[in-house]
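Please read the structure below before turning to the comments.
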Amino acid sequence: MIQTRFLFRSIEAIRGTLPAYFEVYAPGGIYNGIAKADSRLPALSTESTYLLHLQIDDAQLAFYNGPAGISPLNTVDLDALRTLASGLDAGADLSPFEAAPMTMQRAVTSSGLLDSNGFLRFTAADRNEPIPVYADTSTLSSNITEQQALSALNNALEAWQSNSTILFNFIGTEIFTQSADDYSFQDGLVIRVQFHDTFNHIPDNSTTLGYGGSSFSVNSGDGGTIAGRPFNPIRFGYVVLNHPKSSLSNAETLEEVLTHEIGHVIGLAHSSEDAAEPDEALTEAIMYFQAHGDNRGASLNSYDITTVLKAYPFNTPPFSYDRVLYAVTHPSGTLTNPEVNQVTITGLDLQGDALSLQVDSNTETNGTFSLNASTITFTPGGYYEDSIESDPSSTTYARFRGRLSDGTNLSPFIEIRVVGFRADSQPSGAPDGIPDSWMATYYGSSNGLSVSADTDGDGFNTLQEFQLGTDPTDASSAFKISQFSSNTLEWTTQAYDLYAIETSPDLSNWQTIQIMSQTSSATTLSITDLPAPSSGNSFFYRVRRSQ
């Protein structure tokens, strides 16, 4: 669990006695570049003054739950408060008690979006990919059946996805072995909805009906940039409900609370935390800090829809994938086949907008990058012998960083990482770009055969076999479709390569429908739910490896 510790210096106690300094803590915060945005984490700034309402809860101090629990001092009439408190007893000495758990709601932001060291969103929406959702219904509020609970969840998810581009896929139910917010991003890009708080993350005396939040990577822009606003990418989300609360025994209120908390999960803040809010659009929003309890269920108003579209607009940002490059070096520095050290950035935009590539930064320790349209060429800084290939997620020898633009929005950052070198010591007249070690592996000598030779007769020459990672002496080792059915396509791959799946009605006009990256050492990739042709027509499919 990630928590943030706050250290307060006491200025004055209206009632009771406080130590000079005291600590409080709240769920959420940042640790080692990974962060959690939790609806219980207040947005407090250092060197600011606040009025805190504290109460004794067993052996701990706790914040009085609700927006009155913590307020900027400039919004409070302190003299009036002193007058009201003048007739009260002096109160207890609070210094012996342990640090206070902070269960406050987040402050409202001007954008309506959660702002936890940057705005947050699921980038899967840009690829038209749904977020998997799991539910733990092992304990439910009284009078609520599992069917009612799952129906409420389905309606909550549908409310957001029908008014934006985010998609959800309810996978099913399972019993969580810990509180939904205690899972790690290593457990996968999912949303976990826990219909209970049997792990006791909500204080017994709290009026909180539930909380929602998400874990994200702290790197503004890695979640894309929408209308000039950069986002962080969400890694997973969670909802926990306070099942003993009687109001959650009403199916419509349960549905409303779920919709509200899912809003937090996908990156929305409260519309208002003012119990006397005069703006009806804010008080009637599903993201208002209090449940309305009027049987509205999963009903969004204009404020909610306008806000969610700031993170998930119908004009989605473009996207692509990171790439790796094992650069080939030659003593002369010049190769007759420079494409072995080239990568073409293949991007996609769901609206079909024309894309342009912009350079953000380069790390050119062992060579230089050059850009021609969307093709990146790496020129090694010298002749390097074969090196140990580094982990692409850690150390790299050089790095290119850029983004695709559709004229309005920017994709998440795209990186090309040089993760190793391979030597080609061919005479200066024949530096074909195929490493000595690769030639020796398949032909017993670094001289091998010419790059245009097709030793195994599979239709791919030596240079193409090297680039594809296949065996040039085995016809069965080839880049090919390995399985096809009415809705599934599978093909052979090599790690870290990028593949575009394309369709055509006539074998002449091709359209990219999806881009996929092989991020593991597996030898195949597959796509399901292929688009089907209209009745009586033909449809062709192909897979194209991006250079």
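Lettering and numbering for the structure tokens are positional, with chains as A, B, ... in the shown order, residues counted from 1 in each chain, and ligands counted from 1 in the shown order.
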Shell of 12 Å around A:Tyr303, only C-alpha atoms, local chain residues under 6 positions omitted, as an MDAnalysis selection string: chainID A and resid 111:113 163 268:272 279:288 309:310
Could you save those same residues with C-alpha atoms as a PDB file, in the first residue's frame?
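Okay, out31.pdb is ready:
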```
ATOM      1  CA  SER A 111     -10.679  20.994 -14.504  1.00  0.00           C
ATOM      2  CA  GLY A 112     -12.897  18.450 -12.762  1.00  0.00           C
ATOM      3  CA  LEU A 113     -10.087  15.889 -13.204  1.00  0.00           C
ATOM      4  CA  ASN A 163     -20.642   9.024 -23.046  1.00  0.00           C
ATOM      5  CA  LEU A 268     -12.364  12.375 -12.312  1.00  0.00           C
ATOM      6  CA  ALA A 269     -12.442  14.526  -9.172  1.00  0.00           C
ATOM      7  CA  HIS A 270     -15.467  15.791  -7.259  1.00  0.00           C
ATOM      8  CA  SER A 271     -17.636  18.400  -8.935  1.00  0.00           C
ATOM      9  CA  SER A 272     -17.987  20.162  -5.587  1.00  0.00           C
ATOM     10  CA  ASP A 279     -24.440  25.716  -8.875  1.00  0.00           C
ATOM     11  CA  GLU A 280     -27.086  23.098  -9.676  1.00  0.00           C
ATOM     12  CA  ALA A 281     -24.961  21.565 -12.451  1.00  0.00           C
ATOM     13  CA  LEU A 282     -22.340  20.711  -9.809  1.00  0.00           C
ATOM     14  CA  THR A 283     -24.716  19.487  -7.106  1.00  0.00           C
ATOM     15  CA  GLU A 284     -26.649  17.305  -9.567  1.00  0.00           C
ATOM     16  CA  ALA A 285     -23.498  15.738 -11.005  1.00  0.00           C
ATOM     17  CA  ILE A 286     -22.771  12.082 -10.272  1.00  0.00           C
ATOM     18  CA  MET A 287     -19.337  13.351  -9.133  1.00  0.00           C
ATOM     19  CA  TYR A 288     -20.836  15.540  -6.377  1.00  0.00           C
ATOM     20  CA  LEU A 309     -14.586  13.918 -22.402  1.00  0.00           C
ATOM     21  CA  LYS A 310     -11.560  15.930 -21.276  1.00  0.00           C
TER      22      LYS A 310
END
```
Surrounding residues of A:Thr455 excluding itself and chain neighbours under 6 positions, 10 Å, only C-alpha atoms, as a list in words: Leu449, Asn461, Thr462, Asp471, Pro472, Thr473, Asp474 and Ala475 of chain A
9 Å contact set for A:Ser520, only C-alpha atoms, chain neighbours under 6 positions out, as number ranges by chain: A: 494-496
Residues flagged strand (DSSP E or B) by DSSP in stretch 182-421 of chain A, as a PyMOL selection string: chain A and resi 191-194+210-217+225-226+229-241+268+319+323-329+342-344+348+356-363+367-372+375-380+398-405+410+414-421
Stretch 98-317 of chain A: residues DSSP assigns to alpha helix (DSSP H), reported as a VMD selection string: chain A and resid 146 to 161 251 to 265 280 to 283 302 to 311
For the residues selected in the previous step, produce a file with N, CA and C atoms as a tab-separated table (two decimals), in the first residue's frame.
```tsv
chain	number	residue	atom	x	y	z
A	146	GLU	N	-26.63	-10.84	-5.48
A	146	GLU	CA	-25.51	-10.74	-6.40
A	146	GLU	C	-25.97	-10.23	-7.77
A	147	GLN	N	-27.14	-10.66	-8.21
A	147	GLN	CA	-27.66	-10.19	-9.49
A	147	GLN	C	-27.87	-8.67	-9.47
A	148	GLN	N	-28.41	-8.15	-8.38
A	148	GLN	CA	-28.59	-6.71	-8.27
A	148	GLN	C	-27.25	-5.98	-8.26
A	149	ALA	N	-26.27	-6.55	-7.54
A	149	ALA	CA	-24.95	-5.92	-7.45
A	149	ALA	C	-24.29	-5.84	-8.82
A	150	LEU	N	-24.32	-6.95	-9.56
A	150	LEU	CA	-23.67	-6.99	-10.87
A	150	LEU	C	-24.42	-6.14	-11.88
A	151	SER	N	-25.74	-6.07	-11.76
A	151	SER	CA	-26.52	-5.20	-12.63
A	151	SER	C	-26.16	-3.74	-12.38
A	152	ALA	N	-26.00	-3.38	-11.10
A	152	ALA	CA	-25.62	-2.01	-10.76
A	152	ALA	C	-24.23	-1.68	-11.31
A	153	LEU	N	-23.31	-2.64	-11.22
A	153	LEU	CA	-21.96	-2.42	-11.75
A	153	LEU	C	-22.00	-2.25	-13.26
A	154	ASN	N	-22.75	-3.11	-13.93
A	154	ASN	CA	-22.85	-3.03	-15.38
A	154	ASN	C	-23.41	-1.68	-15.83
A	155	ASN	N	-24.43	-1.19	-15.12
A	155	ASN	CA	-25.03	0.10	-15.47
A	155	ASN	C	-24.06	1.25	-15.21
A	156	ALA	N	-23.27	1.13	-14.13
A	156	ALA	CA	-22.27	2.17	-13.82
A	156	ALA	C	-21.21	2.24	-14.91
A	157	LEU	N	-20.72	1.08	-15.35
A	157	LEU	CA	-19.71	1.05	-16.40
A	157	LEU	C	-20.28	1.58	-17.71
A	158	GLU	N	-21.52	1.18	-18.01
A	158	GLU	CA	-22.15	1.60	-19.27
A	158	GLU	C	-22.36	3.11	-19.31
A	159	ALA	N	-22.64	3.71	-18.15
A	159	ALA	CA	-22.87	5.15	-18.12
A	159	ALA	C	-21.65	5.92	-18.61
A	160	TRP	N	-20.45	5.47	-18.20
A	160	TRP	CA	-19.23	6.17	-18.61
A	160	TRP	C	-18.85	5.83	-20.05
A	161	GLN	N	-18.96	4.57	-20.44
A	161	GLN	CA	-18.50	4.22	-21.78
A	161	GLN	C	-19.46	4.68	-22.88
A	251	ALA	N	-30.74	-0.57	-4.06
A	251	ALA	CA	-30.06	-0.92	-5.30
A	251	ALA	C	-29.73	0.31	-6.15
A	252	GLU	N	-30.64	1.32	-6.16
A	252	GLU	CA	-30.39	2.51	-6.96
A	252	GLU	C	-29.26	3.35	-6.37
A	253	THR	N	-29.21	3.45	-5.04
A	253	THR	CA	-28.12	4.19	-4.40
A	253	THR	C	-26.80	3.45	-4.60
A	254	LEU	N	-26.82	2.13	-4.50
A	254	LEU	CA	-25.62	1.34	-4.77
A	254	LEU	C	-25.11	1.64	-6.17
A	255	GLU	N	-26.01	1.70	-7.14
A	255	GLU	CA	-25.63	1.98	-8.53
A	255	GLU	C	-25.04	3.38	-8.65
A	256	GLU	N	-25.63	4.35	-7.95
A	256	GLU	CA	-25.11	5.72	-8.00
A	256	GLU	C	-23.70	5.79	-7.42
A	257	VAL	N	-23.49	5.14	-6.27
A	257	VAL	CA	-22.18	5.17	-5.63
A	257	VAL	C	-21.13	4.48	-6.51
A	258	LEU	N	-21.49	3.36	-7.12
A	258	LEU	CA	-20.56	2.68	-8.02
A	258	LEU	C	-20.18	3.58	-9.20
A	259	THR	N	-21.14	4.26	-9.77
A	259	THR	CA	-20.86	5.15	-10.90
A	259	THR	C	-19.92	6.27	-10.47
A	260	HIS	N	-20.17	6.82	-9.28
A	260	HIS	CA	-19.32	7.88	-8.73
A	260	HIS	C	-17.88	7.38	-8.55
A	261	GLU	N	-17.72	6.22	-7.94
A	261	GLU	CA	-16.39	5.72	-7.65
A	261	GLU	C	-15.65	5.29	-8.93
A	262	ILE	N	-16.36	4.73	-9.90
A	262	ILE	CA	-15.74	4.43	-11.19
A	262	ILE	C	-15.24	5.73	-11.83
A	263	GLY	N	-15.97	6.82	-11.61
A	263	GLY	CA	-15.50	8.13	-12.09
A	263	GLY	C	-14.15	8.48	-11.52
A	264	HIS	N	-13.95	8.22	-10.22
A	264	HIS	CA	-12.63	8.45	-9.61
A	264	HIS	C	-11.58	7.54	-10.25
A	265	VAL	N	-11.95	6.28	-10.49
A	265	VAL	CA	-11.00	5.31	-11.05
A	265	VAL	C	-10.47	5.79	-12.39
A	280	GLU	N	-26.33	24.34	-9.58
A	280	GLU	CA	-27.09	23.10	-9.68
A	280	GLU	C	-26.39	22.06	-10.54
A	281	ALA	N	-25.67	22.51	-11.59
A	281	ALA	CA	-24.96	21.57	-12.45
A	281	ALA	C	-23.94	20.76	-11.65
A	282	LEU	N	-23.33	21.39	-10.64
A	282	LEU	CA	-22.34	20.71	-9.81
A	282	LEU	C	-23.00	19.82	-8.77
A	283	THR	N	-24.06	20.29	-8.15
A	283	THR	CA	-24.72	19.49	-7.11
A	283	THR	C	-25.46	18.30	-7.70
A	302	SER	N	-24.77	16.88	-17.56
A	302	SER	CA	-23.92	17.54	-18.56
A	302	SER	C	-22.52	17.81	-18.02
A	303	TYR	N	-22.43	18.14	-16.71
A	303	TYR	CA	-21.11	18.37	-16.12
A	303	TYR	C	-20.26	17.11	-16.18
A	304	ASP	N	-20.82	15.97	-15.79
A	304	ASP	CA	-20.08	14.71	-15.81
A	304	ASP	C	-19.59	14.37	-17.21
A	305	ILE	N	-20.46	14.55	-18.20
A	305	ILE	CA	-20.12	14.18	-19.57
A	305	ILE	C	-19.04	15.10	-20.12
A	306	THR	N	-19.19	16.40	-19.86
A	306	THR	CA	-18.17	17.36	-20.32
A	306	THR	C	-16.81	17.04	-19.70
A	307	THR	N	-16.81	16.65	-18.43
A	307	THR	CA	-15.55	16.38	-17.74
A	307	THR	C	-14.89	15.10	-18.22
A	308	VAL	N	-15.65	14.03	-18.37
A	308	VAL	CA	-15.04	12.77	-18.80
A	308	VAL	C	-14.48	12.89	-20.21
A	309	LEU	N	-15.09	13.74	-21.04
A	309	LEU	CA	-14.59	13.92	-22.40
A	309	LEU	C	-13.26	14.67	-22.44
A	310	LYS	N	-12.88	15.30	-21.34
A	310	LYS	CA	-11.56	15.93	-21.28
A	310	LYS	C	-10.46	14.88	-21.24
A	311	ALA	N	-10.76	13.72	-20.71
A	311	ALA	CA	-9.77	12.63	-20.64
A	311	ALA	C	-9.99	11.59	-21.71
```
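Using only C-alpha atoms, the nearest neighbour of A:Ser184 within the list A:Ser437, A:Gln358, A:Asn341, A:Ser215 is A:Ser215.
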Spatial neighbours of A:Gly172, max dist 10 Å, only C-alpha atoms, sep filter under 4 positions, as a count of residues only: 6
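With distances restricted to only C-alpha atoms, A:Thr334 is the closest residue to A:Asp424 from A:Thr375, A:Thr83, A:Thr470, A:Thr334.
Between A:Gln178 and the candidates A:Phe421, A:Tyr397, A:Phe22, A:Phe199, the tightest atom-to-atom separation, counting only C-alpha atoms, involves A:Phe199.
Across the model, the gap from atom CA of A:Ser206 to atom CA of A:Ser179 is 17.4 Å.
The spacing separating atom CA of A:Val76 from atom CA of A:Glu277 amounts to 15.7 Å.
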Which neighbours of A:Asn128 fall inside 9 Å, counting only C-alpha atoms, when residues of the same chain fewer than 3 positions from it are skipped, and could you give them as a short mmCIF file (atom, residue, chain, number, x, y, z; two decimals) with C-alpha atoms, in the first residue's frame?
```
data_model
loop_
_atom_site.label_atom_id
_atom_site.label_comp_id
_atom_site.auth_asym_id
_atom_site.auth_seq_id
_atom_site.Cartn_x
_atom_site.Cartn_y
_atom_site.Cartn_z
CA ALA A 124 -6.33 1.68 -23.83
CA ALA A 125 -9.21 3.89 -24.97
CA THR A 165 -14.41 6.52 -25.63
CA ILE A 166 -13.41 4.44 -22.61
CA LEU A 167 -14.46 0.78 -22.82
CA LEU A 350 -8.90 5.69 -34.72
#
```
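Our summary of the geometry notes that atom CA of A:Pro331 is positioned 7.4 Å from atom CA of A:Gly382.
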Which residue of A:Ile388, A:Leu348, A:Val328, A:Val419 approaches A:Gln514 most closely, using only C-alpha atoms: A:Leu348
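In this comparison, which uses only C-alpha atoms, the residue of A:Thr139, A:Thr365, A:Ser374, A:Thr123 approaching A:Thr316 most closely is A:Thr123.
Compared by their closest atoms to A:Gln547, and using only C-alpha atoms, the residues A:Thr488, A:Thr75, A:Thr225, A:Thr346 rank with A:Thr346 nearest.
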